[in-house]
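A.B. asks: Below is one structure. I have some questions about it.
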Amino acid sequence: MPAAATTTVIVIGSGGREHALGWKLAQSPRVKKVYFAPGNGGTFENVDIKQNEIEKLVEFAKRQDKGDCLAVVGPEESLSLGIADAFAKEGLRLFGPKKQAAMLETSKVFAKEFMQKAGIPTAAFATFSDAQKAKDYIAGQNKPLVVKADGLAAGKGVIMCDSTQQAIEAVDKIMIAKEFGAAGGKVVIEERLVGEEASFIALCDGKTIMPLASSQDHKRVFDGDRGPNTGGMGAYSPAPVVDKALHEKIVKRVMEPVLKEMNARGTPFTGFLYAGIMVDEKTGEPYVLEFNTRMGDPECQPIMMRMKSDLYEYIDAAVDGRLGSMPPIEWHDRTAVCVIMASRGYPGAYKKGEVIEGLGDFGPDTTVFHAGTAKDAQGRIVTNGGRVLGVTATGKDARCAIENAYSAVRKIRWGENGHYYRTDIARRARP
Ligand code: AMP
Ligand code: GLY
């Protein structure tokens, strides 16, 4: 007999990831209500508090029944502002790492030095806080490099360089012109790896790793992985590149060493731990490109569609440090594909406020998760951001999931040719 539905959940954030988390959590027999703060045009029920208004979020959580309220954090911004520390101080339940542990995402210099200390495989690197020293170092390298701003830069602070000249210009952009603001106080310069990428995400309670299904996202805006990086134009799960042997390697060489090193530093890691992995083209070995200390967006959308187990039970256990006593998470043996419908122009300038047409019920295999949407005064759903919708569908294999997702995508539109989407999402996952 499941326990009675007594719990209130607060999902913090406003994207497709948060819609998908709340959608899944609301299905738990233990959850009586899900609030989204601030949510979007597709989420219910919304609270008018932004993800960076930490004190207000604390006050809102305090007004709920303390023992039976759980906050789940979507975006890194809230974590970087110390939301987990603020909730802990008040004895409030929240799933997400404290500020010090979240540095694995908020500082690339911290992350690289952490990996080096913990023996986690990653590209060879050097870090600099002086632009001239960084350029001198580049001049002595004779290989393709990647130059990264240290701090949070919404995925844009990573510059891939084919020549010495480009790498030097990248340092100028980051450290001199300060194109990413304070994020560019330091840089990481690293060797450029070649291979296939995958996202490996797990729930952590400080001691135990509970892996989620593998996934892969598409960061570039145009088909064929061309054009500028975005927050993500689509994703699918599972990622065939992560077979059983690779899964084991990532758990042993990457995820477990993170928990061990965090504990050694007295900053146990609780929350979603996301490793962006490059599977080396030649050796097939996994290397960490980056860590995120939150769920992926849009990886979350296909992962939630495939999850058979009750997400609430696992997050509840993680917050209490009980993940070690939980069975492995069960998954639907299907492929899930999420196609992002964006405002034309994204990641550059785009229009807002266009009425979205064609939203409807696309059947049990398809869910449209909202991201950059809002409700206008007449209650219509309008565009309100770059990434607008995550049309997510499952199928018995990748081909069927792709077909299901795109058949819904083709029915949705806004403005005068105002929407844009990639047409090749999950092509690599096809049987
Ligand atoms: P990051 O935010 O560090 O994950 O970088 C964003 C994207 O840049 C990654 O998803 C990769 O596609 C690419 N990238 C980052 N570091 C490297 C590297 N060392 N070698 C090749 N590609 C990289
Ligand atoms: N999809 C990449 C991210 O969430 O960072």
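Going by the structure tokens order, chains are called A, B, ..., each with residues numbered from 1, while ligands are numbered from 1 in the order shown.
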Report as a list in words which protein, DNA and RNA residues come within 8 Å of ligand 1, using only C-alpha atoms and all ligand atoms.
C.D. replies: Lys108, Thr122, Ala123, Leu145, Val146, Lys148, Gly155, Lys156, Gly157, Val158, Ile159, Met160, Glu190, Glu191, Arg192, Leu193, Val194, Glu197, Lys219, Asn229, Gly276, Met278, Leu289, Glu290 and Phe291 of chain A
A.B. asks: Name all residues at most 12 Å from Met233 in chain A (count only C-alpha atoms; drop same-chain ones fewer than 6 positions away) and give them as an NGL selection string.
C.D. replies: :A and (16 or 216-227 or 297-299 or 337-343 or 346-347 or 386-391 or 420-426)
A.B. asks: Which is closer to Asp205 in chain A than all the others in A:Ala318, A:Val147, A:Ala139, A:Ala126, using only C-alpha atoms?
C.D. replies: A:Ala318
A.B. asks: Could you give me, as a count of residues only, each residue of range 20-228 of chain A that DSSP assigns to strand (DSSP E or B) when run on this structure's backbone?
C.D. replies: 59
A.B. asks: Find the residue from A:Val47, A:Ala5, A:Ala393, A:Ala20 that sits nearest to Ala405 in chain A; use only C-alpha atoms when measuring.
C.D. replies: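 Ranking A:Val47, A:Ala5, A:Ala393, A:Ala20 by distance to Ala405 in chain A, first place goes to A:Ala393.
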A.B. asks: Taking only C-alpha atoms and all ligand atoms into account, name the residue in A:Ala154, A:Met304, A:Ala245, A:Ala349 that is nearest to ligand 2.
C.D. replies: A:Ala154
A.B. asks: List as a PyMOL selection string the protein and nucleic acid residues near Ala239 in chain A, meaning an atom at most 10 Å away when only C-alpha atoms are counted, but skip any in the same chain fewer than 4 places from it.
C.D. replies: chain A and resi 197-200+213-217+235+243+335+426+428-429
A.B. asks: Put those residues in a file: all heavy atoms, as a JSON list (two decimals), in the first residue's frame.
C.D. replies:
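Here's the written file out-v7.json:
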[["chain", "number", "residue", "atom", "x", "y", "z"],
["A", 197, "GLU", "N", 29.80, 12.46, -28.21],
["A", 197, "GLU", "CA", 29.43, 12.94, -26.88],
["A", 197, "GLU", "C", 28.21, 12.21, -26.34],
["A", 197, "GLU", "O", 27.35, 11.79, -27.11],
["A", 197, "GLU", "CB", 29.12, 14.44, -26.93],
["A", 197, "GLU", "CG", 30.36, 15.28, -27.13],
["A", 197, "GLU", "CD", 30.06, 16.77, -27.12],
["A", 197, "GLU", "OE1", 29.33, 17.24, -26.22],
["A", 197, "GLU", "OE2", 30.56, 17.46, -28.02],
["A", 198, "ALA", "N", 28.13, 12.10, -25.03],
["A", 198, "ALA", "CA", 26.93, 11.56, -24.38],
["A", 198, "ALA", "C", 26.77, 12.24, -23.03],
["A", 198, "ALA", "O", 27.75, 12.73, -22.46],
["A", 198, "ALA", "CB", 27.04, 10.05, -24.20],
["A", 199, "SER", "N", 25.54, 12.28, -22.55],
["A", 199, "SER", "CA", 25.27, 12.86, -21.23],
["A", 199, "SER", "C", 25.00, 11.72, -20.26],
["A", 199, "SER", "O", 24.16, 10.86, -20.55],
["A", 199, "SER", "CB", 24.04, 13.77, -21.28],
["A", 199, "SER", "OG", 24.21, 14.76, -22.27],
["A", 200, "PHE", "N", 25.71, 11.73, -19.15],
["A", 200, "PHE", "CA", 25.50, 10.70, -18.12],
["A", 200, "PHE", "C", 25.07, 11.41, -16.85],
["A", 200, "PHE", "O", 25.81, 12.21, -16.30],
["A", 200, "PHE", "CB", 26.80, 9.93, -17.90],
["A", 200, "PHE", "CG", 26.60, 8.66, -17.12],
["A", 200, "PHE", "CD1", 26.50, 7.44, -17.77],
["A", 200, "PHE", "CD2", 26.50, 8.67, -15.73],
["A", 200, "PHE", "CE1", 26.31, 6.26, -17.06],
["A", 200, "PHE", "CE2", 26.31, 7.51, -15.01],
["A", 200, "PHE", "CZ", 26.22, 6.29, -15.68],
["A", 213, "ALA", "N", 18.90, 6.87, -17.11],
["A", 213, "ALA", "CA", 19.16, 6.35, -18.45],
["A", 213, "ALA", "C", 20.08, 7.31, -19.19],
["A", 213, "ALA", "O", 20.06, 8.52, -18.95],
["A", 213, "ALA", "CB", 17.84, 6.20, -19.20],
["A", 214, "SER", "N", 20.88, 6.77, -20.11],
["A", 214, "SER", "CA", 21.81, 7.61, -20.87],
["A", 214, "SER", "C", 21.04, 8.47, -21.86],
["A", 214, "SER", "O", 19.88, 8.19, -22.19],
["A", 214, "SER", "CB", 22.81, 6.74, -21.62],
["A", 214, "SER", "OG", 22.13, 5.96, -22.57],
["A", 215, "SER", "N", 21.68, 9.53, -22.33],
["A", 215, "SER", "CA", 21.02, 10.43, -23.27],
["A", 215, "SER", "C", 22.08, 11.18, -24.07],
["A", 215, "SER", "O", 23.27, 11.12, -23.77],
["A", 215, "SER", "CB", 20.13, 11.42, -22.52],
["A", 215, "SER", "OG", 20.89, 12.16, -21.59],
["A", 216, "GLN", "N", 21.61, 11.87, -25.07],
["A", 216, "GLN", "CA", 22.52, 12.69, -25.89],
["A", 216, "GLN", "C", 21.74, 13.91, -26.33],
["A", 216, "GLN", "O", 20.55, 13.82, -26.64],
["A", 216, "GLN", "CB", 22.98, 11.88, -27.09],
["A", 216, "GLN", "CG", 24.10, 12.52, -27.83],
["A", 216, "GLN", "CD", 24.90, 11.51, -28.68],
["A", 216, "GLN", "OE1", 24.71, 10.31, -28.55],
["A", 216, "GLN", "NE2", 25.75, 12.00, -29.52],
["A", 217, "ASP", "N", 22.40, 15.06, -26.31],
["A", 217, "ASP", "CA", 21.70, 16.27, -26.78],
["A", 217, "ASP", "C", 22.35, 16.80, -28.05],
["A", 217, "ASP", "O", 23.35, 16.26, -28.52],
["A", 217, "ASP", "CB", 21.61, 17.34, -25.69],
["A", 217, "ASP", "CG", 22.94, 18.03, -25.43],
["A", 217, "ASP", "OD1", 23.98, 17.52, -25.90],
["A", 217, "ASP", "OD2", 22.94, 19.07, -24.76],
["A", 235, "ALA", "N", 17.10, 16.19, -27.92],
["A", 235, "ALA", "CA", 17.82, 15.15, -27.18],
["A", 235, "ALA", "C", 17.09, 13.83, -27.36],
["A", 235, "ALA", "O", 15.93, 13.81, -27.76],
["A", 235, "ALA", "CB", 17.88, 15.51, -25.69],
["A", 243, "ASP", "N", 27.17, 1.82, -23.99],
["A", 243, "ASP", "CA", 26.78, 0.42, -23.77],
["A", 243, "ASP", "C", 27.10, 0.06, -22.31],
["A", 243, "ASP", "O", 27.56, 0.90, -21.53],
["A", 243, "ASP", "CB", 27.47, -0.51, -24.77],
["A", 243, "ASP", "CG", 28.99, -0.42, -24.68],
["A", 243, "ASP", "OD1", 29.51, 0.12, -23.68],
["A", 243, "ASP", "OD2", 29.66, -0.88, -25.63],
["A", 335, "THR", "N", 12.54, 4.08, -26.97],
["A", 335, "THR", "CA", 13.38, 5.25, -27.21],
["A", 335, "THR", "C", 12.51, 6.49, -27.08],
["A", 335, "THR", "O", 11.34, 6.47, -27.47],
["A", 335, "THR", "CB", 13.99, 5.18, -28.63],
["A", 335, "THR", "OG1", 14.81, 4.03, -28.71],
["A", 335, "THR", "CG2", 14.83, 6.42, -28.94],
["A", 426, "ALA", "N", 18.19, 13.00, -33.24],
["A", 426, "ALA", "CA", 18.27, 11.56, -32.95],
["A", 426, "ALA", "C", 18.61, 10.71, -34.18],
["A", 426, "ALA", "O", 18.53, 9.49, -34.13],
["A", 426, "ALA", "CB", 16.98, 11.04, -32.31],
["A", 428, "ARG", "N", 21.37, 9.94, -35.26],
["A", 428, "ARG", "CA", 22.48, 9.03, -34.93],
["A", 428, "ARG", "C", 22.02, 7.83, -34.11],
["A", 428, "ARG", "O", 22.72, 6.82, -34.03],
["A", 428, "ARG", "CB", 23.54, 9.79, -34.14],
["A", 428, "ARG", "CG", 24.88, 9.76, -34.85],
["A", 428, "ARG", "CD", 25.92, 10.45, -34.05],
["A", 428, "ARG", "NE", 25.92, 11.88, -34.33],
["A", 428, "ARG", "CZ", 26.48, 12.78, -33.54],
["A", 428, "ARG", "NH1", 27.04, 12.43, -32.42],
["A", 428, "ARG", "NH2", 26.46, 14.05, -33.86],
["A", 429, "ALA", "N", 20.87, 7.96, -33.48],
["A", 429, "ALA", "CA", 20.38, 6.85, -32.63],
["A", 429, "ALA", "C", 19.58, 5.84, -33.45],
["A", 429, "ALA", "O", 19.14, 4.84, -32.91],
["A", 429, "ALA", "CB", 19.49, 7.41, -31.52]]
A.B. asks: Just give me the gap between atom 4 (O, counted along the ligand's line) of ligand 2 and CA of Gly74 in chain A in Å, one decimal is fine.
C.D. replies: 9.9 Å
